[in-house]
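Structure data follow from target-v9.txt (compact mmCIF, C-alpha atoms):
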```
# COMPACT_ATOMS: atom_id res chain seq x y z
CA MET A 1 -41.81 1.25 -26.14
CA LEU A 2 -38.15 0.73 -26.84
CA ALA A 3 -37.00 -0.44 -30.26
CA VAL A 4 -33.50 -1.83 -30.64
CA TYR A 5 -31.65 -4.08 -33.03
CA SER A 6 -30.14 -7.49 -32.40
CA ASN A 7 -26.70 -6.28 -31.52
CA PRO A 8 -24.99 -7.01 -28.18
CA ARG A 9 -23.88 -3.40 -27.92
CA TRP A 10 -27.49 -2.43 -27.19
CA LEU A 11 -27.57 -4.60 -24.08
CA SER A 12 -26.00 -1.98 -21.81
CA VAL A 13 -28.35 0.68 -23.17
CA VAL A 14 -31.42 -1.41 -22.34
CA ARG A 15 -30.01 -2.34 -18.93
CA GLY A 16 -29.60 1.34 -18.13
CA ALA A 17 -33.16 2.12 -19.19
CA VAL A 18 -34.71 -0.77 -17.25
CA GLU A 19 -32.69 -0.02 -14.15
CA ARG A 20 -33.81 3.63 -14.16
CA LEU A 21 -37.43 2.64 -14.87
CA THR A 22 -37.62 0.12 -12.04
CA GLU A 23 -35.96 2.57 -9.64
CA THR A 24 -38.44 5.27 -10.62
CA LEU A 25 -41.38 2.91 -10.15
CA GLY A 26 -40.17 2.22 -6.63
CA PHE A 27 -39.05 -1.39 -6.76
CA PRO A 28 -36.57 -2.30 -4.01
CA ALA A 29 -32.92 -2.13 -5.13
CA VAL A 30 -32.51 -5.90 -5.16
CA GLN A 31 -35.53 -6.24 -7.46
CA CYS A 32 -34.32 -3.40 -9.70
CA ARG A 33 -31.16 -5.42 -10.23
CA SER A 34 -32.96 -8.74 -10.74
CA ILE A 35 -35.53 -7.31 -13.19
CA THR A 36 -32.75 -5.60 -15.12
CA ARG A 37 -30.82 -8.88 -15.17
CA ALA A 38 -33.89 -10.77 -16.40
CA VAL A 39 -34.48 -8.36 -19.29
CA ASP A 40 -30.78 -8.43 -20.19
CA GLU A 41 -30.74 -12.24 -20.24
CA ALA A 42 -33.97 -12.34 -22.28
CA LEU A 43 -32.55 -9.89 -24.79
CA THR A 44 -29.33 -11.90 -25.01
CA ASN A 45 -31.36 -15.05 -25.67
CA ILE A 46 -33.17 -13.31 -28.52
CA VAL A 47 -29.89 -12.23 -30.12
CA ARG A 48 -28.26 -15.65 -29.63
CA HIS A 49 -31.04 -18.08 -30.24
CA SER A 50 -33.96 -16.38 -31.96
CA TYR A 51 -31.77 -14.48 -34.42
CA GLY A 52 -28.78 -16.86 -34.34
CA ASN A 53 -26.38 -13.96 -33.64
CA ARG A 54 -27.49 -12.11 -36.76
CA LEU A 55 -27.05 -8.37 -36.27
CA GLY A 56 -29.51 -5.65 -37.16
CA GLU A 57 -32.76 -7.60 -36.66
CA PRO A 58 -35.64 -5.82 -34.88
CA ILE A 59 -36.49 -6.24 -31.21
CA ALA A 60 -39.24 -4.27 -29.46
CA LEU A 61 -39.72 -3.91 -25.74
CA TYR A 62 -43.03 -2.69 -24.33
CA PHE A 63 -43.41 -1.60 -20.70
CA ARG A 64 -46.88 -1.61 -19.19
CA ARG A 65 -48.64 -1.62 -15.87
CA ALA A 66 -49.83 -5.05 -14.75
CA GLN A 67 -52.48 -5.95 -12.20
CA ARG A 68 -53.73 -9.13 -10.54
CA SER A 69 -55.87 -10.14 -7.62
CA GLN A 70 -54.05 -12.16 -5.04
CA LEU A 71 -55.77 -13.39 -1.86
CA GLY A 72 -58.39 -10.65 -2.13
CA GLU A 73 -55.87 -7.87 -2.66
CA VAL A 74 -55.05 -6.14 -5.89
CA GLU A 75 -51.38 -6.22 -6.75
CA SER A 76 -49.82 -3.89 -9.27
CA GLY A 77 -46.63 -4.44 -11.12
CA LEU A 78 -44.59 -3.97 -14.24
CA ALA A 79 -45.13 -6.05 -17.37
CA ILE A 80 -42.38 -6.14 -19.97
CA LEU A 81 -43.10 -7.59 -23.40
CA LEU A 82 -40.15 -8.49 -25.63
CA CYS A 83 -41.00 -9.08 -29.28
CA ASP A 84 -38.81 -10.40 -32.05
CA ARG A 85 -39.33 -11.89 -35.49
CA GLY A 86 -36.69 -14.60 -35.31
CA SER A 87 -37.05 -18.36 -35.35
CA ALA A 88 -39.52 -19.98 -32.99
CA ALA A 89 -38.06 -20.80 -29.60
CA SER A 90 -38.04 -24.35 -28.32
CA LEU A 91 -40.82 -24.64 -25.76
CA ASN A 92 -38.90 -27.39 -24.00
CA LYS A 93 -36.03 -24.99 -23.38
CA LEU A 94 -38.33 -22.20 -22.27
CA GLN A 95 -40.15 -24.45 -19.80
CA GLY A 96 -36.86 -24.84 -18.01
CA ARG A 97 -35.63 -27.81 -16.06
CA PRO A 98 -34.58 -28.51 -12.46
CA PHE A 99 -31.56 -26.44 -11.46
CA GLU A 100 -29.38 -29.51 -11.05
CA GLN A 101 -29.95 -30.38 -14.71
CA ILE A 102 -29.25 -26.93 -16.11
CA ARG A 103 -26.44 -26.78 -18.63
CA PRO A 104 -24.09 -23.76 -18.61
CA GLY A 105 -25.86 -22.04 -21.51
CA GLU A 106 -29.25 -22.29 -19.79
CA LEU A 107 -28.30 -20.23 -16.78
CA GLY A 108 -29.85 -17.12 -18.30
CA LEU A 109 -33.33 -18.64 -18.34
CA HIS A 110 -32.90 -19.74 -14.74
CA LEU A 111 -32.04 -16.15 -13.76
CA ILE A 112 -35.11 -14.85 -15.62
CA ARG A 113 -37.42 -17.28 -13.83
CA GLN A 114 -35.94 -16.47 -10.44
CA ALA A 115 -36.43 -12.72 -10.96
CA MET A 116 -39.93 -12.55 -12.40
CA ASP A 117 -43.38 -13.58 -11.13
CA THR A 118 -44.60 -14.42 -14.62
CA VAL A 119 -42.62 -15.68 -17.62
CA GLU A 120 -44.82 -16.43 -20.63
CA PHE A 121 -43.72 -17.21 -24.14
CA THR A 122 -46.09 -17.10 -27.10
CA ARG A 123 -45.61 -17.28 -30.83
CA LYS A 124 -48.05 -15.12 -32.78
CA GLY A 125 -47.63 -15.48 -36.50
CA LEU A 126 -43.99 -14.69 -37.18
CA THR A 127 -43.48 -12.92 -33.88
CA ASN A 128 -42.04 -14.33 -30.66
CA GLN A 129 -43.42 -12.65 -27.55
CA LEU A 130 -41.89 -13.05 -24.14
CA ARG A 131 -43.93 -11.49 -21.35
CA LEU A 132 -42.20 -10.85 -18.06
CA VAL A 133 -44.12 -9.53 -15.06
CA LYS A 134 -42.96 -8.45 -11.63
CA TYR A 135 -45.52 -7.41 -9.00
CA PHE A 136 -45.07 -5.13 -6.07
CA ALA A 137 -45.53 -6.85 -2.75
CA GLN A 138 -48.29 -4.44 -1.64
CA ALA A 139 -51.01 -2.58 -3.53
CA SER A 140 -49.94 0.68 -1.89
CA ASP A 141 -46.60 0.36 -3.72
CA ALA A 142 -48.33 0.54 -7.07
CA PRO A 143 -46.53 2.50 -9.78
CA MET B 1 -15.04 -3.43 -20.82
CA GLN B 2 -11.30 -3.59 -20.38
CA ILE B 3 -9.13 -6.44 -19.16
CA SER B 4 -5.42 -6.49 -18.45
CA ALA B 5 -3.05 -8.95 -16.80
CA ARG B 6 -0.11 -8.36 -14.49
CA ARG B 7 2.25 -10.60 -12.54
CA HIS B 8 2.98 -10.64 -8.82
CA ASP B 9 5.53 -13.36 -7.98
CA THR B 10 3.78 -16.62 -8.86
CA THR B 11 0.40 -14.99 -9.33
CA THR B 12 -1.32 -13.63 -12.42
CA ILE B 13 -3.80 -10.87 -11.64
CA PHE B 14 -6.47 -9.84 -14.13
CA ASP B 15 -7.92 -6.37 -13.69
CA VAL B 16 -11.32 -6.10 -15.32
CA SER B 17 -13.40 -2.93 -15.61
CA GLY B 18 -16.83 -2.23 -17.06
CA ASP B 19 -19.82 -4.53 -17.44
CA ILE B 20 -19.27 -8.13 -18.54
CA ASP B 21 -22.09 -9.20 -20.83
CA PHE B 22 -22.70 -11.08 -24.05
CA ALA B 23 -21.03 -8.27 -26.00
CA ASN B 24 -17.65 -8.84 -24.41
CA SER B 25 -17.63 -12.07 -22.37
CA PRO B 26 -15.87 -13.92 -25.27
CA GLU B 27 -13.01 -11.43 -24.88
CA VAL B 28 -12.84 -12.10 -21.12
CA ARG B 29 -12.91 -15.84 -21.72
CA GLN B 30 -10.21 -15.69 -24.39
CA SER B 31 -7.89 -13.42 -22.36
CA VAL B 32 -8.21 -15.46 -19.18
CA LEU B 33 -7.82 -18.87 -20.85
CA ARG B 34 -4.84 -17.75 -22.94
CA GLU B 35 -3.00 -16.33 -19.94
CA ILE B 36 -3.77 -19.36 -17.76
CA ARG B 37 -2.52 -21.80 -20.40
CA GLU B 38 0.57 -19.79 -21.33
CA SER B 39 1.73 -18.50 -17.95
CA HIS B 40 1.13 -21.62 -15.82
CA THR B 41 1.25 -19.50 -12.65
CA ALA B 42 0.36 -21.09 -9.34
CA ARG B 43 -2.47 -18.66 -8.68
CA VAL B 44 -4.85 -16.67 -10.85
CA ILE B 45 -6.74 -13.72 -9.38
CA VAL B 46 -9.55 -11.97 -11.23
CA ASN B 47 -10.08 -8.49 -9.84
CA LEU B 48 -13.71 -7.51 -10.39
CA ARG B 49 -13.71 -4.35 -8.27
CA GLN B 50 -14.44 -2.18 -11.30
CA VAL B 51 -17.11 -4.54 -12.66
CA ARG B 52 -20.66 -3.53 -11.82
CA TYR B 53 -22.54 -6.17 -13.80
CA ILE B 54 -21.92 -9.75 -14.96
CA ASP B 55 -24.42 -11.71 -17.01
CA SER B 56 -24.71 -15.48 -17.37
CA SER B 57 -22.22 -15.56 -20.25
CA GLY B 58 -19.71 -13.75 -18.03
CA VAL B 59 -20.31 -16.31 -15.29
CA ALA B 60 -19.73 -19.06 -17.85
CA SER B 61 -16.40 -17.44 -18.78
CA LEU B 62 -15.34 -17.42 -15.14
CA ILE B 63 -16.32 -21.08 -14.82
CA GLU B 64 -14.16 -21.91 -17.82
CA GLY B 65 -11.26 -20.04 -16.23
CA LEU B 66 -11.79 -21.99 -13.02
CA LYS B 67 -11.80 -25.31 -14.88
CA ALA B 68 -8.69 -24.43 -16.89
CA SER B 69 -6.87 -23.40 -13.72
CA ARG B 70 -7.82 -26.57 -11.92
CA ASP B 71 -6.66 -28.65 -14.89
CA LEU B 72 -3.24 -27.02 -14.57
CA GLY B 73 -3.15 -27.25 -10.78
CA SER B 74 -3.58 -23.50 -10.25
CA ARG B 75 -5.87 -21.68 -7.86
CA PHE B 76 -8.51 -19.41 -9.38
CA ILE B 77 -9.62 -16.56 -7.13
CA LEU B 78 -12.19 -13.79 -7.51
CA ILE B 79 -11.85 -10.50 -5.63
CA GLY B 80 -13.84 -7.28 -5.32
CA LEU B 81 -17.27 -8.62 -6.21
CA SER B 82 -20.00 -5.99 -6.56
CA THR B 83 -23.41 -6.62 -5.03
CA SER B 84 -24.80 -7.54 -8.44
CA ALA B 85 -21.92 -9.91 -9.25
CA ARG B 86 -22.27 -11.60 -5.87
CA GLU B 87 -26.03 -11.96 -6.40
CA VAL B 88 -25.64 -13.62 -9.77
CA LEU B 89 -23.16 -16.13 -8.35
CA GLN B 90 -25.52 -16.83 -5.45
CA LEU B 91 -28.52 -17.25 -7.74
CA SER B 92 -26.43 -19.57 -9.91
CA ARG B 93 -25.44 -21.50 -6.78
CA LEU B 94 -21.82 -20.98 -7.78
CA ILE B 95 -20.80 -18.73 -4.91
CA LYS B 96 -19.20 -21.64 -3.05
CA VAL B 97 -17.53 -23.03 -6.15
CA PHE B 98 -15.21 -20.04 -6.37
CA GLU B 99 -12.54 -18.95 -3.92
CA ILE B 100 -13.56 -15.34 -3.16
CA TYR B 101 -11.87 -12.58 -1.17
CA ASP B 102 -12.67 -8.92 -0.64
CA ASN B 103 -9.38 -7.57 -1.93
CA GLU B 104 -6.00 -8.35 -3.46
CA GLU B 105 -4.10 -8.31 -0.17
CA GLN B 106 -6.33 -10.99 1.31
CA ALA B 107 -6.11 -13.09 -1.84
CA LEU B 108 -2.32 -12.89 -1.96
CA ALA B 109 -2.06 -13.77 1.72
CA ALA B 110 -4.43 -16.74 1.45
```
This entry written out as C-alpha cells:
Amino acid sequence: MLAVYSNPRWLSVVRGAVERLTETLGFPAVQCRSITRAVDEALTNIVRHSYGNRLGEPIALYFRRAQRSQLGEVESGLAILLCDRGSAASLNKLQGRPFEQIRPGELGLHLIRQAMDTVEFTRKGLTNQLRLVKYFAQASDAP
Amino acid sequence: MQISARRHDTTTIFDVSGDIDFANSPEVRQSVLREIRESHTARVIVNLRQVRYIDSSGVASLIEGLKASRDLGSRFILIGLSTSAREVLQLSRLIKVFEIYDNEEQALAA
C-alpha cells in the first residue's frame, strides 16, 4: 500500500515506484511504461477532478495480484486500486468516448484505457475506487 | 523540470530537462507561449532530449505551442523524443501532427 497526498509533487515518486514494481514483476518494458503512465494519469485525475486541485487530501494505492481464466488458461496480473475521498466522478466521463470525440483534457483517460485490461470505477460511501488491472500474456509469466 | 530558451538566427530553441507532468506542465506552457508570442521567430524548436516522461498535460502544452506558432506563421518542431515521449504521442495519435526530428542539426537544416 502506498499512501500519498493530493499534491502534484508526489506524481514522480509514484511513477518511480510503479515503474520499479512492474519491472520487478517482469512486465515487458513497453508495458512497464504504459502501466506507469496509466497510474500517473489516474493520480493526476484524482488531484484535478476528484479533489479540485486541493492539496493535502489523502490518496491510497493498493497493489495486489490479480487472476482470471481466459480461454481455459489462468492469467495472472497486477491489480492497482486507487482510493480517494473526493467528489464523485462523472460516470459519463469515466466511460470514455470515441477517440475522435476526445477533448484535450480527456486524453489521460484514453491513455489509461489503452494501457490496462480492466478499468473499473466504483463509489463506495464517500470513497472513489479506481481499479486498474494488467494481465501477463502467459500464465508462466505470473508474478 | 527546467526550461530555457536560446536564439539561433531566426529560430528559438527551448531546452527542456526533467519529467513534464501535471506538476510543471503549466510552466512549460507559459514559457513556450510567452516566447512564441513575444519573439515572433520563424521557427520554434523544443528540445526534449533530456525529457524522459511527458504526461497528457504536457502533450496538451505542446499542442498549445503548436497552435500558437501556426497562428503566427511559425514552424513548431520537436526534437530528441525519448521512447516514452514518442509512445505517448503515438497513443494520442498526434505523432503526425508535429514536425519531429532526431536532433537540432536536422531540425535547423529542414
Item to complete: Measuring atom to atom with all atoms listed in the file, identify which of B:Asp15, B:Asp55, B:Glu35, B:Glu27 is nearest to chain A.
Response: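 Distance minimum relative to chain A lands on B:Asp55.
Compared by their closest atoms to chain A, and using all atoms listed in the file, the residues B:Tyr101, B:Phe14, B:Phe22, B:Phe76 rank with B:Phe22 nearest.
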Fill in: Residue list for chain B near chain A as a ChimeraX atom specification, 12 Å, only C-alpha atoms
/B:1,18-26,52-64,82-94
Okay, now the selection with C-alpha atoms, as a PDB file, in the coordinates of the input?
```pdb
ATOM      1  CA  MET B   1     -15.040  -3.430 -20.820  1.00  0.00           C
ATOM      2  CA  GLY B  18     -16.830  -2.230 -17.060  1.00  0.00           C
ATOM      3  CA  ASP B  19     -19.820  -4.530 -17.440  1.00  0.00           C
ATOM      4  CA  ILE B  20     -19.270  -8.130 -18.540  1.00  0.00           C
ATOM      5  CA  ASP B  21     -22.090  -9.200 -20.830  1.00  0.00           C
ATOM      6  CA  PHE B  22     -22.700 -11.080 -24.050  1.00  0.00           C
ATOM      7  CA  ALA B  23     -21.030  -8.270 -26.000  1.00  0.00           C
ATOM      8  CA  ASN B  24     -17.650  -8.840 -24.410  1.00  0.00           C
ATOM      9  CA  SER B  25     -17.630 -12.070 -22.370  1.00  0.00           C
ATOM     10  CA  PRO B  26     -15.870 -13.920 -25.270  1.00  0.00           C
ATOM     11  CA  ARG B  52     -20.660  -3.530 -11.820  1.00  0.00           C
ATOM     12  CA  TYR B  53     -22.540  -6.170 -13.800  1.00  0.00           C
ATOM     13  CA  ILE B  54     -21.920  -9.750 -14.960  1.00  0.00           C
ATOM     14  CA  ASP B  55     -24.420 -11.710 -17.010  1.00  0.00           C
ATOM     15  CA  SER B  56     -24.710 -15.480 -17.370  1.00  0.00           C
ATOM     16  CA  SER B  57     -22.220 -15.560 -20.250  1.00  0.00           C
ATOM     17  CA  GLY B  58     -19.710 -13.750 -18.030  1.00  0.00           C
ATOM     18  CA  VAL B  59     -20.310 -16.310 -15.290  1.00  0.00           C
ATOM     19  CA  ALA B  60     -19.730 -19.060 -17.850  1.00  0.00           C
ATOM     20  CA  SER B  61     -16.400 -17.440 -18.780  1.00  0.00           C
ATOM     21  CA  LEU B  62     -15.340 -17.420 -15.140  1.00  0.00           C
ATOM     22  CA  ILE B  63     -16.320 -21.080 -14.820  1.00  0.00           C
ATOM     23  CA  GLU B  64     -14.160 -21.910 -17.820  1.00  0.00           C
ATOM     24  CA  SER B  82     -20.000  -5.990  -6.560  1.00  0.00           C
ATOM     25  CA  THR B  83     -23.410  -6.620  -5.030  1.00  0.00           C
ATOM     26  CA  SER B  84     -24.800  -7.540  -8.440  1.00  0.00           C
ATOM     27  CA  ALA B  85     -21.920  -9.910  -9.250  1.00  0.00           C
ATOM     28  CA  ARG B  86     -22.270 -11.600  -5.870  1.00  0.00           C
ATOM     29  CA  GLU B  87     -26.030 -11.960  -6.400  1.00  0.00           C
ATOM     30  CA  VAL B  88     -25.640 -13.620  -9.770  1.00  0.00           C
ATOM     31  CA  LEU B  89     -23.160 -16.130  -8.350  1.00  0.00           C
ATOM     32  CA  GLN B  90     -25.520 -16.830  -5.450  1.00  0.00           C
ATOM     33  CA  LEU B  91     -28.520 -17.250  -7.740  1.00  0.00           C
ATOM     34  CA  SER B  92     -26.430 -19.570  -9.910  1.00  0.00           C
ATOM     35  CA  ARG B  93     -25.440 -21.500  -6.780  1.00  0.00           C
ATOM     36  CA  LEU B  94     -21.820 -20.980  -7.780  1.00  0.00           C
TER      37      LEU B  94
END
```
Item to complete: Might you pull out every residue within 10 Å of B:Ile36, with all atoms listed in the file counted and same-chain residues fewer than 5 positions away left off, and present them as a count of residues only?
Response: 14
Worksheet entry | One-decimal distance in Å that lies between atom CA of B:Asp71 and atom CA of B:Gln106 | 24.0 Å
Worksheet entry | Separation of atom CA of B:Ala110 from atom CA of B:Ile3, in Å and rounded to one decimal |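 Between atom CA of B:Ala110 and atom CA of B:Ile3 the gap works out to 23.5 Å.
Between atom CA of A:Asp117 and atom CA of A:Leu132 lies a distance of 7.5 Å.
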Size and centre in Å, one decimal, axis-aligned box, all listed stretch 97-106 of chain B atoms plus 4 Å per side, as lines of an AutoDock Vina configuration file:
```
center_x = -10.8
center_y = -15.3
center_z = -2.5
size_x = 21.4
size_y = 23.5
size_z = 15.7
```
Discussion item. Just want the 12 Å neighbourhood of A:Glu23, counted on all atoms listed in the file, with same-chain residues fewer than 4 positions away dropped. Output as a VMD selection string.
Written reply: chain A and resid 16 to 19 27 to 36 78 143
Item to complete: Would you mind listing what lies within 6 Å of stretch 124-130 of chain A as a PyMOL selection string, with all atoms listed in the file counted and same-chain residues fewer than 3 positions away left out?
Response: chain A and resi 81-85+120-121
